[in-house]
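Participant: Here it is, the structure, as structure tokens.
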Amino acid sequence: ISNFSTYSNLTVVLLWVVVVLLILYIKHSNTEVQVFDPFSILGLGPGSSESEIKKAYRKLSVLYHPDKNPDPDAHKYFVNYISKAYQALTDPVSRENYEKYGHPDGRQGLRMGIALPQFLLNIDGASGGILLMGIVGVCILLPLTISVIYLSRSSKYTGNYVMHQTMYAYYHFMKPSLAPSKVMEVFIRAAEYMEIPVRRTDEESLQKIFVLVRSELNLDPRNIRQEQAKFWKQHPALVKSELLMQAHLTRETAALSPYLQNDFKKMLALAPRLLEELMKMTIIPRTKQGHGWLRPAIGVVELSQSIIQAVPLSERKANGGSSEGYGPFLQLPHFTESAVKKISRKRVRSFQEFREMKPEERSELLTLVAGFSAEESRDVETVLEMMPSVSVDITCETEGEEGIQEGDVVTMQAWITLWRPNGLVRALPHSPCFPHDKEENFWLLLADPASNEVWMSQKVNFMDEATAVAAASKAIQEMREGSGATPKEVKSSVKEAIERVKSGSRLVMGKFQAPEEGNYNLTSYCLCDSWIGCDAKANVRLKVLKRTRTGSRNAASAAAAAADEGPLLGEEGGGEEEDEEGEEEYDDDYESEYSEDDDDEEEDGSKRASSAAMANGSAHDDDDGLSASGSD
């Protein structure tokens, strides 16, 4: 009742009541219009002579004339009808009015018409009526229908065809400490999924799916009965959506009924668009500095990877056989958990090591150890040749300045390079369990893992080369012209950028405001939303100087500080565990493969490339700027 009793609904009801009352009033007050016919009033037929008209008039005068009949009604009838009928047939002016307007007194009412050619109004004609209806339909009804549909849809959906209610739910339920395995609980709250009908006939199939995917539902095994009861007490649409999505991740869709199969395909068709909007909800400004949240952003990308490749989230947990879980291997054809365990005994501990093996060694490993046939080994090689490898080269600087001070506008320039063993740059991912075409997208994040903040973010796509060439040319030209380069130098830089784009690189430009004075250990993430284990990560150290009173740059002190600091560039290509100190603030769940551990970082420090810091992108030793590159 509260939802119904709104001003708009009450107004509509009131208007309908008014319409009904008007219809009833017109129905009861409307009288039949009597056509004025002087011959019938005098009791004559058409074409009567003038003598017959006078004779009939005298006869009726005896009956209705006031001198002969004192009845007021008789007097009214004599004046309004008999006299006017006689006048219409004997007086030349009255007869002309009668012949022209149908009444001896002239026009008797308002005459209305349509300002259209006469042939269009001729409904009895061969084509006039059809043409009139066509014009009304095309010029009035069709635009009105399109307008109504557009307005109703635009008020319900965003520009990316995602419902506003979905965006509100994602924004409301997104938390900074959201664990990657808990992102699913936010993802399924999309209004599009809530609108999928829940039928009584679905219950039996959903019960079977629940038994198959129970281990993936984050239920507490110590209190499993209460956890199961709590799960089924949720909104039926939430239960259905999570079970269908978990059935896809565990590849248990054979138990779905035909109706559930249709709902399942609809959910997967909507998934890429919803995941992109969910990603935007994690990186929109949330903090005072305008930064997003890193932890849930990584979780969204990991969920996208798992959905495209149909790999359970639990298989991405670190285990004794692999530091990154079995997930990356399960996206390859013919791979099972037992096959991964077999090859892990041969000291193939990570998916990256498996990819870097020579094809002959890898084929021998699969056939002799994992028990693959020669044809199955070739299938694995074909998919491995399709998998992308990316590297990131990032430079941050303040235009026209030697260092970065508090409050400066810092320009980030990142070149992302992609290559595949088969030589292709543009390709769709191998995803046999995902029934729809899906383009590869990469998310570039410049983030501070210690504070869980994303400073910069950008979606990158390698499918449209022409757009990438135009964007890179324009960005490089504006940057070089702003730095005072000569036209020849600008032309050379633009040509070099175009060649890099055509060879498989993409340029990402962005700006952010320098924070307070201090040293910041940032990390650049290049995350693929379609493949597992094809991401790149690089450490970036940023030193921000205190702004001087005069606003000038103290280059000498900055150089001295750089010498004390040592190299500011470090590369890191694998996934480590989360900071032990930060674990207490987050959900008690499995950690992302992109988390870091202080001890592991110290051990890997000796293995990192000792490239010197580059001030403002130059190759000179200075710590006022930064340059970082890394590959997975």
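By order in the structure tokens, chains are A, B, ...; within a chain, residues start at 1; ligands start at 1, following the order shown.
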What's around Met167 of chain A at 8 Å? Count only C-alpha atoms, leave out sequence neighbours fewer than 4 positions away in its own chain, and write the answer as a PyMOL selection string.

Facilitator: chain A and resi 162-163+171+190+277-278+281

Participant: How would the residues just picked look written out with N, CA, C and O atoms as a PDB file, in the first residue's frame?

Facilitator:
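File out_10.pdb, as written:
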ATOM      1  N   VAL A 162      22.818  -1.351 -18.392  1.00  0.00           N
ATOM      2  CA  VAL A 162      22.763  -1.974 -17.073  1.00  0.00           C
ATOM      3  C   VAL A 162      21.756  -1.184 -16.246  1.00  0.00           C
ATOM      4  O   VAL A 162      21.746   0.051 -16.269  1.00  0.00           O
ATOM      5  N   MET A 163      20.923  -1.875 -15.517  1.00  0.00           N
ATOM      6  CA  MET A 163      19.854  -1.215 -14.781  1.00  0.00           C
ATOM      7  C   MET A 163      20.417  -0.335 -13.670  1.00  0.00           C
ATOM      8  O   MET A 163      21.427  -0.667 -13.029  1.00  0.00           O
ATOM      9  N   TYR A 171      27.057  -0.501  -5.712  1.00  0.00           N
ATOM     10  CA  TYR A 171      27.700   0.565  -4.932  1.00  0.00           C
ATOM     11  C   TYR A 171      27.464   0.356  -3.440  1.00  0.00           C
ATOM     12  O   TYR A 171      28.355   0.581  -2.620  1.00  0.00           O
ATOM     13  N   ALA A 190      22.621  -8.342  -8.978  1.00  0.00           N
ATOM     14  CA  ALA A 190      22.187  -7.509 -10.102  1.00  0.00           C
ATOM     15  C   ALA A 190      20.679  -7.600 -10.283  1.00  0.00           C
ATOM     16  O   ALA A 190      20.087  -8.684 -10.154  1.00  0.00           O
ATOM     17  N   GLU A 277      30.667  -3.188 -15.046  1.00  0.00           N
ATOM     18  CA  GLU A 277      30.097  -2.167 -14.179  1.00  0.00           C
ATOM     19  C   GLU A 277      30.473  -2.404 -12.721  1.00  0.00           C
ATOM     20  O   GLU A 277      30.687  -1.445 -11.970  1.00  0.00           O
ATOM     21  N   LEU A 278      30.580  -3.662 -12.320  1.00  0.00           N
ATOM     22  CA  LEU A 278      31.026  -3.961 -10.955  1.00  0.00           C
ATOM     23  C   LEU A 278      32.465  -3.500 -10.752  1.00  0.00           C
ATOM     24  O   LEU A 278      32.812  -2.996  -9.676  1.00  0.00           O
ATOM     25  N   MET A 281      32.545   0.121 -10.073  1.00  0.00           N
ATOM     26  CA  MET A 281      32.130   0.454  -8.713  1.00  0.00           C
ATOM     27  C   MET A 281      33.271   0.299  -7.710  1.00  0.00           C
ATOM     28  O   MET A 281      33.225   0.875  -6.627  1.00  0.00           O
TER      29      MET A 281
END

Participant: Given the choices A:Glu399, A:Asp393, A:Asp263, A:Glu227, which gets closest to Pro197 of chain A if the distance is worked out from only C-alpha atoms?

Facilitator: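 For Pro197 of chain A, the nearest of the given residues is A:Asp263.
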
Participant: I'd like to know which of A:Arg273, A:Arg189, A:His334, A:Lys208 is closest to Leu238 of chain A, using only C-alpha atoms.

Facilitator: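 The answer is A:Arg189, which sits nearest to Leu238 of chain A.
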
Participant: So, with only C-alpha atoms as the atoms that count, which of A:Arg58, A:Arg200, A:His65, A:Arg362 lies closest to Asn80 of chain A?

Facilitator: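 The answer is A:His65, which sits nearest to Asn80 of chain A.
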
Participant: When you draw a straight line from atom CA of Ala88 of chain A to atom CA of Asp71 of chain A, how long is it in Å?

Facilitator: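 Separating atom CA of Ala88 of chain A from atom CA of Asp71 of chain A is a distance of 24.7 Å.
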
Participant: Tell me which protein, DNA and RNA residues are within 8 Å of Val494 of chain A, counting only C-alpha atoms, leaving out same-chain ones fewer than 5 positions away, and put them as JSON, numbers by chain.

Facilitator: {"A": [472, 473, 476, 477]}

Participant: How about saving the chosen residues, N, CA, C and O atoms kept, as a CSV table (one decimal), in the first residue's frame?

Facilitator:
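The resulting file, result28.csv, is shown below:
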chain,number,residue,atom,x,y,z
A,472,ALA,N,47.0,7.2,-29.7
A,472,ALA,CA,48.4,7.3,-29.4
A,472,ALA,C,49.1,8.5,-30.1
A,472,ALA,O,49.9,9.2,-29.5
A,473,SER,N,48.8,8.7,-31.4
A,473,SER,CA,49.3,9.8,-32.2
A,473,SER,C,49.0,11.1,-31.6
A,473,SER,O,49.8,12.0,-31.4
A,476,ILE,N,50.8,11.6,-28.0
A,476,ILE,CA,52.2,11.8,-28.1
A,476,ILE,C,52.5,13.2,-28.8
A,476,ILE,O,53.4,14.0,-28.3
A,477,GLN,N,51.7,13.6,-29.7
A,477,GLN,CA,51.9,14.9,-30.4
A,477,GLN,C,51.6,16.0,-29.4
A,477,GLN,O,52.4,17.0,-29.3

Participant: Would you pick out the contacts of Gly423 of chain A at 10 Å or less, using only C-alpha atoms, so that residues sharing its chain but fewer than 5 positions from it are not included, and give the list as a list in words?

Facilitator: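 What passes the distance filter is Glu385, Met386, Pro388, Leu418 and Gly504 of chain A.
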
Participant: Restrict the selected residues to C-alpha atoms and save them as an mmCIF file, in the first residue's frame.

Facilitator:
data_model
loop_
_atom_site.group_PDB
_atom_site.id
_atom_site.type_symbol
_atom_site.label_atom_id
_atom_site.label_comp_id
_atom_site.auth_asym_id
_atom_site.auth_seq_id
_atom_site.Cartn_x
_atom_site.Cartn_y
_atom_site.Cartn_z
ATOM 1 C CA GLU A 385 49.978 -20.498 -28.264
ATOM 2 C CA MET A 386 46.767 -18.494 -27.993
ATOM 3 C CA PRO A 388 48.738 -13.653 -24.248
ATOM 4 C CA LEU A 418 51.074 -7.908 -25.840
ATOM 5 C CA GLY A 504 51.114 -4.915 -30.447
#

Participant: Using only C-alpha atoms, determine which residues lie at most 8 Å from segment 444-461 of chain A, disregarding the query and same-chain residues fewer than 2 positions distant; provide the list as a list in words.

Facilitator: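 The filter keeps Pro176, Ile283, Gly290, His291, Gly292, Trp293, Leu294, Arg295, Glu440, Asn441, Phe442, Met463, Asp464, Arg506, Val508, Gly510, Lys511, Phe512, Tyr520, Asn521, Leu522, Thr523, Ser524, Tyr525, Cys526, Leu527 and Gly582 of chain A.
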
Participant: Would you write out those residues with N, CA, C and O atoms, as a short mmCIF file (atom, residue, chain, number, x, y, z; two decimals), in the first residue's frame?

Facilitator:
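out-v6.cif, written as the output of this step:
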data_model
loop_
_atom_site.label_atom_id
_atom_site.label_comp_id
_atom_site.auth_asym_id
_atom_site.auth_seq_id
_atom_site.Cartn_x
_atom_site.Cartn_y
_atom_site.Cartn_z
N PRO A 176 35.59 -2.08 1.03
CA PRO A 176 37.03 -2.04 0.73
C PRO A 176 37.76 -3.32 1.09
O PRO A 176 38.79 -3.63 0.49
N ILE A 283 36.57 1.03 -8.50
CA ILE A 283 37.64 1.99 -8.77
C ILE A 283 37.15 3.43 -8.82
O ILE A 283 37.96 4.33 -9.06
N GLY A 290 40.38 10.74 -3.68
CA GLY A 290 39.76 10.36 -4.94
C GLY A 290 40.23 9.02 -5.46
O GLY A 290 40.23 8.80 -6.68
N HIS A 291 40.64 8.11 -4.58
CA HIS A 291 41.14 6.81 -4.98
C HIS A 291 40.07 5.74 -4.82
O HIS A 291 39.15 5.89 -4.01
N GLY A 292 40.21 4.66 -5.61
CA GLY A 292 39.32 3.52 -5.49
C GLY A 292 39.90 2.46 -4.58
O GLY A 292 40.89 2.69 -3.87
N TRP A 293 39.33 1.27 -4.62
CA TRP A 293 39.73 0.17 -3.74
C TRP A 293 40.37 -0.93 -4.57
O TRP A 293 39.81 -1.40 -5.55
N LEU A 294 41.57 -1.36 -4.13
CA LEU A 294 42.34 -2.35 -4.88
C LEU A 294 41.84 -3.77 -4.64
O LEU A 294 41.66 -4.53 -5.61
N ARG A 295 41.63 -4.14 -3.42
CA ARG A 295 41.30 -5.54 -3.09
C ARG A 295 40.04 -6.02 -3.81
O ARG A 295 40.07 -7.07 -4.47
N GLU A 440 38.94 -10.00 -25.29
CA GLU A 440 39.90 -9.82 -24.21
C GLU A 440 39.97 -8.34 -23.82
O GLU A 440 40.07 -7.47 -24.67
N ASN A 441 39.92 -8.09 -22.55
CA ASN A 441 40.13 -6.74 -22.02
C ASN A 441 41.16 -6.82 -20.91
O ASN A 441 41.25 -7.80 -20.18
N PHE A 442 41.94 -5.75 -20.79
CA PHE A 442 42.94 -5.65 -19.74
C PHE A 442 42.65 -4.41 -18.91
O PHE A 442 42.26 -3.37 -19.45
N MET A 463 41.72 -5.00 -29.68
CA MET A 463 40.98 -5.41 -30.88
C MET A 463 40.93 -4.31 -31.94
O MET A 463 41.00 -4.59 -33.13
N ASP A 464 40.83 -3.05 -31.52
CA ASP A 464 40.66 -1.94 -32.47
C ASP A 464 41.99 -1.22 -32.64
O ASP A 464 42.34 -0.35 -31.86
N ARG A 506 49.88 -0.74 -26.65
CA ARG A 506 48.83 0.25 -26.46
C ARG A 506 49.32 1.29 -25.46
O ARG A 506 49.96 0.95 -24.45
N VAL A 508 48.61 4.18 -22.70
CA VAL A 508 47.64 4.62 -21.69
C VAL A 508 48.21 5.87 -21.04
O VAL A 508 49.32 5.87 -20.51
N GLY A 510 47.35 9.14 -18.31
CA GLY A 510 46.48 9.56 -17.23
C GLY A 510 47.16 10.58 -16.34
O GLY A 510 48.39 10.74 -16.39
N LYS A 511 46.38 11.26 -15.56
CA LYS A 511 46.90 12.29 -14.66
C LYS A 511 46.33 12.07 -13.27
O LYS A 511 45.20 11.63 -13.11
N PHE A 512 47.15 12.36 -12.26
CA PHE A 512 46.70 12.33 -10.89
C PHE A 512 47.49 13.36 -10.10
O PHE A 512 48.58 13.79 -10.51
N TYR A 520 56.41 6.41 -1.67
CA TYR A 520 55.25 5.57 -1.91
C TYR A 520 55.66 4.36 -2.75
O TYR A 520 56.21 4.51 -3.84
N ASN A 521 55.42 3.18 -2.20
CA ASN A 521 55.70 1.93 -2.90
C ASN A 521 54.44 1.49 -3.64
O ASN A 521 53.58 0.81 -3.08
N LEU A 522 54.34 1.90 -4.89
CA LEU A 522 53.16 1.59 -5.70
C LEU A 522 53.40 0.32 -6.50
O LEU A 522 54.52 -0.17 -6.63
N THR A 523 52.34 -0.20 -7.04
CA THR A 523 52.39 -1.39 -7.88
C THR A 523 51.48 -1.18 -9.08
O THR A 523 50.34 -0.70 -8.91
N SER A 524 51.98 -1.49 -10.25
CA SER A 524 51.15 -1.44 -11.46
C SER A 524 50.67 -2.85 -11.78
O SER A 524 51.47 -3.80 -11.85
N TYR A 525 49.38 -3.00 -11.95
CA TYR A 525 48.77 -4.27 -12.30
C TYR A 525 48.19 -4.16 -13.70
O TYR A 525 47.50 -3.19 -14.03
N CYS A 526 48.48 -5.16 -14.52
CA CYS A 526 47.81 -5.27 -15.82
C CYS A 526 47.09 -6.61 -15.81
O CYS A 526 47.71 -7.67 -15.97
N LEU A 527 45.79 -6.57 -15.59
CA LEU A 527 45.00 -7.76 -15.33
C LEU A 527 44.12 -8.09 -16.53
O LEU A 527 43.38 -7.23 -17.03
N GLY A 582 48.14 -6.71 7.15
CA GLY A 582 46.85 -6.27 6.62
C GLY A 582 45.79 -7.33 6.66
O GLY A 582 44.64 -7.07 6.36
#

Participant: Considering only C-alpha atoms, can you say which of A:Asp535, A:Glu465, A:Glu52, A:Glu516 comes closest to Gln289 of chain A?

Facilitator: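 Nearest candidate to Gln289 of chain A out of A:Asp535, A:Glu465, A:Glu52, A:Glu516: A:Glu516.
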
Participant: Would you list the contacts of Met267 of chain A as a tab-separated table (two decimals) with N, CA and C atoms, in the first residue's frame, taking every protein, DNA or RNA residue within 10 Å and counting only C-alpha atoms, but skipping same-chain residues closer than 2 positions in sequence?

Facilitator:
chain	number	residue	atom	x	y	z
A	188	ILE	N	25.93	-11.34	-7.88
A	188	ILE	CA	24.62	-11.94	-8.19
A	188	ILE	C	23.45	-11.07	-7.74
A	192	GLU	N	19.09	-7.41	-12.98
A	192	GLU	CA	18.78	-8.26	-14.13
A	192	GLU	C	18.63	-9.72	-13.70
A	193	TYR	N	19.44	-10.17	-12.76
A	193	TYR	CA	19.33	-11.55	-12.27
A	193	TYR	C	18.12	-11.71	-11.35
A	196	ILE	N	14.91	-12.63	-13.21
A	196	ILE	CA	14.73	-13.97	-13.79
A	196	ILE	C	13.72	-14.75	-12.95
A	241	SER	N	20.42	-17.68	-8.65
A	241	SER	CA	21.53	-17.08	-9.40
A	241	SER	C	22.87	-17.65	-8.95
A	244	LEU	N	23.23	-21.37	-10.10
A	244	LEU	CA	23.49	-21.48	-11.55
A	244	LEU	C	24.91	-21.05	-11.88
A	245	MET	N	25.39	-19.98	-11.26
A	245	MET	CA	26.75	-19.51	-11.55
A	245	MET	C	27.79	-20.50	-11.01
A	261	GLN	N	18.35	-24.18	-18.18
A	261	GLN	CA	19.37	-23.96	-19.21
A	261	GLN	C	19.19	-22.61	-19.87
A	262	ASN	N	17.94	-22.25	-20.16
A	262	ASN	CA	17.68	-20.93	-20.77
A	262	ASN	C	18.03	-19.80	-19.81
A	263	ASP	N	17.66	-19.94	-18.54
A	263	ASP	CA	18.03	-18.92	-17.55
A	263	ASP	C	19.54	-18.84	-17.39
A	264	PHE	N	20.20	-19.98	-17.42
A	264	PHE	CA	21.65	-20.04	-17.29
A	264	PHE	C	22.34	-19.31	-18.44
A	265	LYS	N	21.90	-19.52	-19.66
A	265	LYS	CA	22.49	-18.84	-20.81
A	265	LYS	C	22.25	-17.34	-20.75
A	269	ALA	N	25.14	-14.44	-20.66
A	269	ALA	CA	25.15	-13.36	-21.66
A	269	ALA	C	25.27	-11.99	-20.99
A	270	LEU	N	24.68	-11.84	-19.82
A	270	LEU	CA	24.73	-10.56	-19.11
A	270	LEU	C	26.00	-10.40	-18.29
A	271	ALA	N	26.71	-11.48	-18.02
A	271	ALA	CA	27.83	-11.44	-17.07
A	271	ALA	C	28.94	-10.46	-17.46
A	272	PRO	N	29.46	-10.44	-18.70
A	272	PRO	CA	30.56	-9.50	-19.01
A	272	PRO	C	30.20	-8.05	-18.78
A	274	LEU	N	27.85	-6.86	-16.74
A	274	LEU	CA	27.68	-6.61	-15.30
A	274	LEU	C	29.03	-6.58	-14.58

Participant: Hey, which of A:Met174, A:Ala339, A:Ile82, A:Ile224 ends up closest to Arg286 of chain A? Count only C-alpha atoms.

Facilitator: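 Of A:Met174, A:Ala339, A:Ile82, A:Ile224, the one nearest Arg286 of chain A, counting only C-alpha atoms, is A:Met174.
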
Participant: Please provide the set of residues having any atom within 10 Å of His164 of chain A, restricted to only C-alpha atoms, with same-chain residues fewer than 4 positions apart removed, written as a PyMOL selection string.

Facilitator: chain A and resi 154-159+168-170+190-191

Participant: Just list the residues in segment 373-553 of chain A DSSP gives helix (DSSP H, G or I) on the backbone, as a PyMOL selection string.

Facilitator: chain A and resi 374-386+465-482+487-502

Participant: What's the separation between atom CA of Asn160 of chain A and atom CA of Leu268 of chain A, in Å to one decimal place?

Facilitator: 16.4 Å
